[in-house]
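Undergrad: If you scroll down you'll find the structure; I have some questions about it.
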Amino acid sequence: MKRVVIIGGGITGLAAAHRVLERCHESGRQVDLTLLEASGRVGGIVQTHERDGFLLESGPDSFISEKPAALELARRLGLETNLIETSDNHRRSFVVRRGRLRPVPRGFHLLAPGELWPFVKSDIFSWRGKARMAMDLVLPRRNTNGAAEESLADFVRRRLGSEALERMAQPMIGGIYTADPEKLSLRATMPRFLEMEHEHRSLIRALRKQSRSPIVREGVAAGTSGARYSLFLSFDRGMQLFTDKLAERISGLKFKLMADGAQSAGSIRVNTAVEALALENPDGRMQPTWTIRTRRGETLAADALCLALPAYACAELLGTVDEQLATELDGISCASSATLNLAYKRDDIPHPLDGFGFVVPFIENRSIIACTFSSVKFTGRAPGGRVLLRSFIGGALQPKMLDLTEAALLARVRNDLRDLLGIEAAPLFTELQKWDRSMPQYHVGHLDRVRRMQERVNSLPGLALAGNAFSGPGLPDCIRSGEAAADEIVASLTPSISSKPSR
Ligand SMILES: Cc1cc2nc3c(=O)[nH]c(=O)nc-3n(C[C@H](O)[C@H](O)[C@H](O)COP(=O)(O)OP(=O)(O)OC[C@H]3O[C@@H](n4cnc5c(N)ncnc54)[C@H](O)[C@@H]3O)c2cc1C
């Protein structure tokens with residue numbers, strides 16, 4: 001029986017393990033699969049728990065339905081009835097400008113307006129700033145022949161001006177990537193805007209055209225098939241339902257597969273950190289084998305190996321196998337961030353909370369970078385008469401925030417919430433979760449780096465890398481990357497397919 005080891009039990013590793021078993025089940029192939037996870041639980045950054053009737057998310061609170069991998073997997077796991085959409089009421093968000101929450105103009109899409117009138121009326125931008133943004137309608141396309149790759153900041157300044165960058169693009173994109181827009185690669189993160197410029201010349205023109213499409217007008221994204229959903233989805237019992245169900249299926253599939261006579265087995269081992277890897281017979285003349293040593297001193301052997309780890313953790317393990325690959329992996333820096341859940345009595349919050357939350361531009365000089373009104377965004381997050389808020393702290397632009405003590409962080413967040421939402425009262429309780437080096441930074445040159453890394457990986461038999469460091473940090477990206485790695489692994493176990501397919 002072929003042995004497959006997956007290292008890392010976050011959503012990526014779980015999705016990879018599940019796909020390997022699914023594929024083997026479909027083809028009647030035998031496989032012995034082991035997933036090794038360093039901590040005492042699976043799920044990685046995906047983490048939900050209940051307290052006093054509140055449902056708290058420490059990591060992701062939703063996923064985007066436009067990218068099909070997460071929705072499709074949820075369906076295959078039988079979780080479709082557990083999916084919940086964002087609330088119908090208050091489907092809007094705010095941006096902080098001069099210490100006040102201002103609604104993001106209707107039709108505004110991260111960087112540029114798709115509807116003119118709400119943009120013209122908005123008090124987020126000055127008249128000068130609006131005039132500069134409108135110049136996008138007449139500015140020529142960039143001549144990309146031989147031109148250097150642009151950062152998000154360079155692109156936005158060129159097409160829409162500095163105000164658009166400082167007051168909107170930075171906090172909006174910063175919220176997603178917790179990144180410095182001066183370094184962030186537009187091509188690796190938001191290639192859609194480059195395509196818009198290429199096809200339509202003007203972003204505003206392209207977005208206006210898009211906003212007239214029925215799907216965007218209704219504010220929903222089309223799934224791959226079947227029902228149409230809101231742009232963001234979660235689960236009734238929180239995001240951890242997804243990873244718990246995956247883990248249950250991976251362990252459960254063992255029995256189902258065995259009952260079918262295929263004899264494949266999946267097992268998950270927590271509290272099992274891997275500390276060293278070695279590849280024997282890499283030239284392929286004899287069967288190449290991976291040796292995996294855990295911190296407990298055990299040794300496992302595998303015919304195929306998937307690393308579903310943060311880039312720096314992959315680099316540490318691969319240093320002795322392929323130095324060049326390890327150096328490339330080390331070049332992907334990761335920003336740290338924290339989430340602070342705050343439970344309140346509704347009556348203690350003077351603000352109407354008539355939106356899903358707000359983002360805070362760096363130029364506003366605040367401690368929080370964003371805040372979600374969690375119990376407004378999704379139902380079932382707080383009991384009656386109570387409200388759950390969730391603040392984000394840190395990221396690439398404010399790394400020092402993570403050095404503060406919990407008490408100091410809480411004081412700063414409460415200070416911001418008093419100024420921005422008028423909350424004087426103390427929260428019923430708070431829960432802080434720090435995420436050290438959790439968000440990979442897709443700097444200019446990222447896609448070239450990923451291509452170089454893939455070339456190195458292709459030269460190492462039976463190895464696949466997956467995770468949020470390569471082709472997107474969102475949950476659907478991680479799932480797609482884990483499943484693609486699994487497909488590669490299964491193909492590598494098939495004798496007739498000797499070379500690795502490129503991803
Ligand atoms: C605060 C926050 C909010 C987010 N919100 C959203 C959101 O709303 N929507 C969305 O789509 N995305 C969101 N993301 C991004 C998304 O959650 C992550 O990109 C994704 O969960 C990463 O999953 P992963 O499995 O690749 O990595 P991880 O979850 O980091 O899992 C890696 C696992 O590997 C284990 N490990 C590490 N080293 C070893 C070793 N040597 N041996 C064995 N195991 C090891 C770790 O313990 C960990 O469990 C958010 C991220 C953060 C930090």
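Convention: chains lettered A, B, ... in structure tokens order; per-chain residue numbering from 1; ligands numbered from 1 as shown.
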Write down as number ranges by chain the residues of region 210-447 of chain A whose backbone DSSP state falls under strand (DSSP E).
TA: A: 220-222, 228-230, 232-235, 265-269, 274-280, 289-294, 299-302, 304-307, 334-345, 357-359, 368-372, 386-394, 429-440
Undergrad: Counting only C-alpha atoms and all ligand atoms, what are the residues, protein, DNA or RNA alike, that approach ligand 1 to within 7 Å? I want them as a PyMOL selection string.
TA: chain A and resi 7-13+36-39+42-46+58-64+272-275+308-310+313+337-339+435+438-439+467-468+473-476+478
Undergrad: May I have the residues from that selection written out with C-alpha atoms, as a compact mmCIF listing (two decimals), in the first residue's frame?
TA:
# COMPACT_ATOMS: atom_id res chain seq x y z
CA ILE A 7 2.08 17.72 7.42
CA GLY A 8 -0.14 20.47 8.83
CA GLY A 9 -3.74 20.12 9.99
CA GLY A 10 -5.14 23.52 9.00
CA ILE A 11 -7.85 23.77 6.34
CA THR A 12 -5.24 23.20 3.61
CA GLY A 13 -3.85 19.95 5.02
CA LEU A 36 0.56 15.08 11.25
CA GLU A 37 -0.37 18.19 13.23
CA ALA A 38 1.89 19.93 15.71
CA SER A 39 -0.76 21.39 18.00
CA VAL A 42 -6.89 20.41 13.86
CA GLY A 43 -8.20 23.48 12.05
CA GLY A 44 -5.14 25.75 12.34
CA ILE A 45 -6.27 29.35 12.01
CA VAL A 46 -9.91 28.25 11.72
CA SER A 58 -10.85 33.76 16.44
CA GLY A 59 -9.79 33.28 12.81
CA PRO A 60 -11.83 33.49 9.60
CA ASP A 61 -15.51 34.32 10.03
CA SER A 62 -16.62 33.59 6.46
CA PHE A 63 -15.48 32.67 2.97
CA ILE A 64 -16.15 34.17 -0.41
CA THR A 272 2.95 15.52 16.43
CA ALA A 273 5.30 18.24 15.25
CA VAL A 274 7.62 17.30 12.40
CA GLU A 275 11.17 18.49 12.87
CA ALA A 308 0.52 22.21 4.18
CA LEU A 309 2.39 24.65 6.41
CA PRO A 310 3.24 28.34 6.59
CA ALA A 313 7.80 26.24 8.46
CA SER A 337 -2.17 40.07 13.54
CA ALA A 338 -4.67 39.62 16.34
CA THR A 339 -8.42 39.43 16.69
CA TRP A 435 -1.83 35.07 15.18
CA SER A 438 -0.08 34.06 10.00
CA MET A 439 -0.60 36.21 6.94
CA GLY A 467 -1.21 26.53 1.72
CA ASN A 468 -1.90 30.20 1.99
CA PRO A 473 -4.68 33.34 1.50
CA GLY A 474 -8.48 32.97 1.57
CA LEU A 475 -10.11 29.70 2.57
CA PRO A 476 -11.24 28.84 -0.98
CA CYS A 478 -6.25 27.21 0.56
Undergrad: Hey, what's within 12 Å of Met172 (chain A) if we count only C-alpha atoms and toss same-chain stuff fewer than 4 positions away? As a VMD selection string, please?
TA: chain A and resid 93 to 96 104 108 to 112 152 164 to 168 176 to 181 357 to 362 369 to 371
Undergrad: I need the residues from that last selection saved to file as a PDB file, in the first residue's frame (with N, CA and C atoms), if you can.
TA:
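Done, and the output landed in result-v5.pdb:
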ATOM      1  N   SER A  93     -20.691  48.570   4.465  1.00  0.00           N
ATOM      2  CA  SER A  93     -19.645  48.758   5.474  1.00  0.00           C
ATOM      3  C   SER A  93     -19.216  50.227   5.492  1.00  0.00           C
ATOM      4  N   PHE A  94     -18.404  50.547   6.485  1.00  0.00           N
ATOM      5  CA  PHE A  94     -17.982  51.939   6.678  1.00  0.00           C
ATOM      6  C   PHE A  94     -16.471  52.051   6.582  1.00  0.00           C
ATOM      7  N   VAL A  95     -16.048  53.274   6.312  1.00  0.00           N
ATOM      8  CA  VAL A  95     -14.621  53.555   6.394  1.00  0.00           C
ATOM      9  C   VAL A  95     -14.465  54.775   7.302  1.00  0.00           C
ATOM     10  N   VAL A  96     -13.425  54.767   8.112  1.00  0.00           N
ATOM     11  CA  VAL A  96     -13.235  55.889   9.042  1.00  0.00           C
ATOM     12  C   VAL A  96     -12.561  57.050   8.309  1.00  0.00           C
ATOM     13  N   VAL A 104     -19.222  53.331   2.922  1.00  0.00           N
ATOM     14  CA  VAL A 104     -18.554  53.141   1.628  1.00  0.00           C
ATOM     15  C   VAL A 104     -19.625  53.376   0.569  1.00  0.00           C
ATOM     16  N   PHE A 108     -19.017  51.028  -4.840  1.00  0.00           N
ATOM     17  CA  PHE A 108     -17.562  51.232  -4.769  1.00  0.00           C
ATOM     18  C   PHE A 108     -16.895  49.878  -4.607  1.00  0.00           C
ATOM     19  N   HIS A 109     -15.886  49.615  -5.411  1.00  0.00           N
ATOM     20  CA  HIS A 109     -15.324  48.273  -5.407  1.00  0.00           C
ATOM     21  C   HIS A 109     -13.833  48.292  -5.044  1.00  0.00           C
ATOM     22  N   LEU A 110     -13.539  48.304  -3.769  1.00  0.00           N
ATOM     23  CA  LEU A 110     -12.167  48.261  -3.221  1.00  0.00           C
ATOM     24  C   LEU A 110     -11.295  49.440  -3.632  1.00  0.00           C
ATOM     25  N   LEU A 111     -11.227  49.718  -4.941  1.00  0.00           N
ATOM     26  CA  LEU A 111     -10.337  50.777  -5.401  1.00  0.00           C
ATOM     27  C   LEU A 111     -11.079  51.938  -6.050  1.00  0.00           C
ATOM     28  N   ALA A 112     -12.166  51.630  -6.708  1.00  0.00           N
ATOM     29  CA  ALA A 112     -12.762  52.644  -7.581  1.00  0.00           C
ATOM     30  C   ALA A 112     -14.281  52.532  -7.570  1.00  0.00           C
ATOM     31  N   LEU A 152       0.469  47.601  -5.502  1.00  0.00           N
ATOM     32  CA  LEU A 152      -0.904  48.098  -5.432  1.00  0.00           C
ATOM     33  C   LEU A 152      -0.892  49.622  -5.313  1.00  0.00           C
ATOM     34  N   ALA A 164      -7.403  58.185  -3.179  1.00  0.00           N
ATOM     35  CA  ALA A 164      -8.039  56.867  -3.375  1.00  0.00           C
ATOM     36  C   ALA A 164      -7.213  55.802  -2.674  1.00  0.00           C
ATOM     37  N   LEU A 165      -5.899  55.972  -2.707  1.00  0.00           N
ATOM     38  CA  LEU A 165      -5.031  54.987  -2.058  1.00  0.00           C
ATOM     39  C   LEU A 165      -5.147  55.079  -0.541  1.00  0.00           C
ATOM     40  N   GLU A 166      -4.954  56.297  -0.025  1.00  0.00           N
ATOM     41  CA  GLU A 166      -4.861  56.451   1.437  1.00  0.00           C
ATOM     42  C   GLU A 166      -6.196  56.251   2.143  1.00  0.00           C
ATOM     43  N   ARG A 167      -7.265  56.698   1.498  1.00  0.00           N
ATOM     44  CA  ARG A 167      -8.554  56.688   2.198  1.00  0.00           C
ATOM     45  C   ARG A 167      -9.379  55.427   1.919  1.00  0.00           C
ATOM     46  N   MET A 168      -9.044  54.694   0.874  1.00  0.00           N
ATOM     47  CA  MET A 168      -9.891  53.546   0.549  1.00  0.00           C
ATOM     48  C   MET A 168      -9.083  52.280   0.235  1.00  0.00           C
ATOM     49  N   ILE A 176      -7.905  42.867   3.920  1.00  0.00           N
ATOM     50  CA  ILE A 176      -7.889  41.502   3.382  1.00  0.00           C
ATOM     51  C   ILE A 176      -6.506  40.861   3.567  1.00  0.00           C
ATOM     52  N   TYR A 177      -5.470  41.626   3.224  1.00  0.00           N
ATOM     53  CA  TYR A 177      -4.118  41.029   3.216  1.00  0.00           C
ATOM     54  C   TYR A 177      -3.257  41.464   4.402  1.00  0.00           C
ATOM     55  N   THR A 178      -3.789  42.295   5.294  1.00  0.00           N
ATOM     56  CA  THR A 178      -3.012  42.912   6.374  1.00  0.00           C
ATOM     57  C   THR A 178      -1.611  43.285   5.870  1.00  0.00           C
ATOM     58  N   ALA A 179      -1.611  44.042   4.769  1.00  0.00           N
ATOM     59  CA  ALA A 179      -0.357  44.246   4.031  1.00  0.00           C
ATOM     60  C   ALA A 179      -0.029  45.723   3.850  1.00  0.00           C
ATOM     61  N   ASP A 180       1.213  45.964   3.455  1.00  0.00           N
ATOM     62  CA  ASP A 180       1.668  47.298   3.089  1.00  0.00           C
ATOM     63  C   ASP A 180       1.450  47.456   1.581  1.00  0.00           C
ATOM     64  N   PRO A 181       0.555  48.377   1.168  1.00  0.00           N
ATOM     65  CA  PRO A 181       0.249  48.478  -0.263  1.00  0.00           C
ATOM     66  C   PRO A 181       1.447  48.889  -1.125  1.00  0.00           C
ATOM     67  N   GLY A 357     -19.584  46.496   9.487  1.00  0.00           N
ATOM     68  CA  GLY A 357     -18.344  46.832  10.185  1.00  0.00           C
ATOM     69  C   GLY A 357     -17.636  47.966   9.475  1.00  0.00           C
ATOM     70  N   PHE A 358     -16.409  48.228   9.907  1.00  0.00           N
ATOM     71  CA  PHE A 358     -15.663  49.340   9.297  1.00  0.00           C
ATOM     72  C   PHE A 358     -14.187  49.007   9.173  1.00  0.00           C
ATOM     73  N   VAL A 359     -13.526  49.725   8.261  1.00  0.00           N
ATOM     74  CA  VAL A 359     -12.071  49.623   8.132  1.00  0.00           C
ATOM     75  C   VAL A 359     -11.476  50.979   8.487  1.00  0.00           C
ATOM     76  N   VAL A 360     -10.221  50.953   8.917  1.00  0.00           N
ATOM     77  CA  VAL A 360      -9.585  52.186   9.388  1.00  0.00           C
ATOM     78  C   VAL A 360      -8.323  52.467   8.565  1.00  0.00           C
ATOM     79  N   PRO A 361      -8.315  53.579   7.803  1.00  0.00           N
ATOM     80  CA  PRO A 361      -7.101  53.915   7.055  1.00  0.00           C
ATOM     81  C   PRO A 361      -5.922  54.155   8.004  1.00  0.00           C
ATOM     82  N   PHE A 362      -4.732  53.802   7.563  1.00  0.00           N
ATOM     83  CA  PHE A 362      -3.516  53.988   8.355  1.00  0.00           C
ATOM     84  C   PHE A 362      -3.353  55.459   8.751  1.00  0.00           C
ATOM     85  N   ILE A 369      -7.325  48.080  12.948  1.00  0.00           N
ATOM     86  CA  ILE A 369      -7.285  48.240  11.491  1.00  0.00           C
ATOM     87  C   ILE A 369      -8.660  47.956  10.864  1.00  0.00           C
ATOM     88  N   ALA A 370      -9.488  47.230  11.593  1.00  0.00           N
ATOM     89  CA  ALA A 370     -10.847  46.968  11.097  1.00  0.00           C
ATOM     90  C   ALA A 370     -11.678  46.448  12.260  1.00  0.00           C
ATOM     91  N   CYS A 371     -12.981  46.529  12.113  1.00  0.00           N
ATOM     92  CA  CYS A 371     -13.879  45.992  13.129  1.00  0.00           C
ATOM     93  C   CYS A 371     -15.118  45.435  12.438  1.00  0.00           C
TER      94      CYS A 371
END
Undergrad: Let me make sure I understand: among A:Thr430, A:Ser211, A:Ser251, A:Asn458, which one has the smallest atom-to-atom distance to Tyr344 (chain A) if we use only C-alpha atoms?
TA: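 With only C-alpha atoms as the atom set, the closest residue is A:Thr430.
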Undergrad: For region 444-457 of chain A, please output as a VMD selection string all residues within 9 Å (counting only C-alpha atoms; exclusion window: fewer than 2 positions along the same chain).
TA: chain A and resid 149 to 152 183 to 188 322 324 to 326 328 to 329 331 to 332 441 to 442 459 to 461 463 to 465 470 to 471 502 to 503
Undergrad: Pull the closest atom pair for each residue of region 432-500 of chain A that gets at most 9 Å from region 22-35 of chain A, along with the distance in Å to one decimal, counting only C-alpha atoms, ordering rows by chain and then ascending residue number, as a Markdown table.
TA:
| residue | atom | partner | partner_atom | distance |
| --- | --- | --- | --- | --- |
| A:Ala486 | CA | A:Arg23 | CA | 8.5 |
| A:Asp487 | CA | A:Arg23 | CA | 7.7 |
| A:Val490 | CA | A:Arg23 | CA | 7.3 |
Undergrad: Would you save the residues of that selection, restricted to N, CA and C atoms, as a PDB file, in the first residue's frame?
TA:
ATOM      1  N   ALA A 486      -3.162  17.339  -3.588  1.00  0.00           N
ATOM      2  CA  ALA A 486      -3.620  15.948  -3.458  1.00  0.00           C
ATOM      3  C   ALA A 486      -3.700  15.279  -4.823  1.00  0.00           C
ATOM      4  N   ASP A 487      -4.208  16.026  -5.808  1.00  0.00           N
ATOM      5  CA  ASP A 487      -4.302  15.450  -7.166  1.00  0.00           C
ATOM      6  C   ASP A 487      -2.910  15.088  -7.682  1.00  0.00           C
ATOM      7  N   VAL A 490      -1.698  11.916  -5.850  1.00  0.00           N
ATOM      8  CA  VAL A 490      -2.350  10.692  -6.330  1.00  0.00           C
ATOM      9  C   VAL A 490      -1.788  10.327  -7.705  1.00  0.00           C
TER      10      VAL A 490
END
Undergrad: Contacts between region 375-386 of chain A and region 67-115 of chain A, please, where a residue of region 67-115 of chain A counts if it comes within 12 Å (with only C-alpha atoms); show its shortest atom pair and distance in Å to one decimal, rows by chain and ascending number, as a Markdown table.
TA:
| residue | atom | partner | partner_atom | distance |
| --- | --- | --- | --- | --- |
| A:Leu83 | CA | A:Phe378 | CA | 10.9 |
| A:Ile84 | CA | A:Phe378 | CA | 7.6 |
| A:Glu85 | CA | A:Phe378 | CA | 7.1 |
| A:Thr86 | CA | A:Phe378 | CA | 5.2 |
| A:Ser87 | CA | A:Lys377 | CA | 5.6 |
| A:Asp88 | CA | A:Lys377 | CA | 8.8 |
| A:Asn89 | CA | A:Val376 | CA | 8.2 |
| A:His90 | CA | A:Val376 | CA | 7.8 |
| A:Arg91 | CA | A:Lys377 | CA | 7.9 |
| A:Arg92 | CA | A:Lys377 | CA | 9.6 |
| A:Ser93 | CA | A:Lys377 | CA | 10.1 |
Undergrad: Could you write out that same residue set with C-alpha atoms as a short mmCIF file (atom, residue, chain, number, x, y, z; two decimals), in the first residue's frame?
TA:
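Generated file (part12.cif):
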data_model
loop_
_atom_site.label_atom_id
_atom_site.label_comp_id
_atom_site.auth_asym_id
_atom_site.auth_seq_id
_atom_site.Cartn_x
_atom_site.Cartn_y
_atom_site.Cartn_z
CA LEU A 83 -24.41 27.34 5.28
CA ILE A 84 -25.61 30.79 6.29
CA GLU A 85 -25.58 33.99 4.26
CA THR A 86 -24.78 37.45 5.49
CA SER A 87 -27.86 39.21 6.93
CA ASP A 88 -30.16 40.89 4.42
CA ASN A 89 -30.24 44.04 6.55
CA HIS A 90 -27.42 46.53 6.57
CA ARG A 91 -25.36 45.00 3.74
CA ARG A 92 -22.83 47.78 3.73
CA SER A 93 -19.64 48.76 5.47
#
Undergrad: Apply DSSP to the backbone of this structure and, from region 364-454 of chain A, keep only the residues in helix (DSSP H, G or I); write these as number ranges by chain.
TA: A: 364, 374-377, 399-403, 406-421, 446-454
Undergrad: Give the answer as one residue: which of A:Arg269, A:Arg192, A:Arg212, A:Arg41 has the shortest atom-to-atom distance to Ile6 (chain A), using only C-alpha atoms?
TA: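 So, comparing all the options, the nearest one is A:Arg269.
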Undergrad: I need the residue nearest Ala302 (chain A) from this list: A:Ala426, A:Met190, A:Ala69, A:Leu279. Use only C-alpha atoms for the distance.
TA: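 That would be A:Leu279, the residue with the smallest distance to Ala302 (chain A).
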Undergrad: Fewer than 2 positions away in the same chain doesn't count, so skip those; otherwise give me all residues within 6 Å of Gly482 (chain A), counting only C-alpha atoms, as JSON, numbers by chain.
TA: {"A": [12, 15, 16, 466, 479, 480, 484, 485]}
Undergrad: Now that the selection is made, can you save its residues with C-alpha atoms as a short mmCIF file (atom, residue, chain, number, x, y, z; two decimals), in the first residue's frame?
TA:
data_model
loop_
_atom_site.label_atom_id
_atom_site.label_comp_id
_atom_site.auth_asym_id
_atom_site.auth_seq_id
_atom_site.Cartn_x
_atom_site.Cartn_y
_atom_site.Cartn_z
CA THR A 12 -5.24 23.20 3.61
CA ALA A 15 -8.62 19.49 2.35
CA ALA A 16 -5.57 17.74 0.84
CA ALA A 466 0.15 23.77 -0.45
CA ILE A 479 -8.74 24.46 -0.26
CA ARG A 480 -7.98 24.71 -3.98
CA ALA A 484 -4.43 20.44 -6.29
CA ALA A 485 -1.57 19.08 -4.17
#
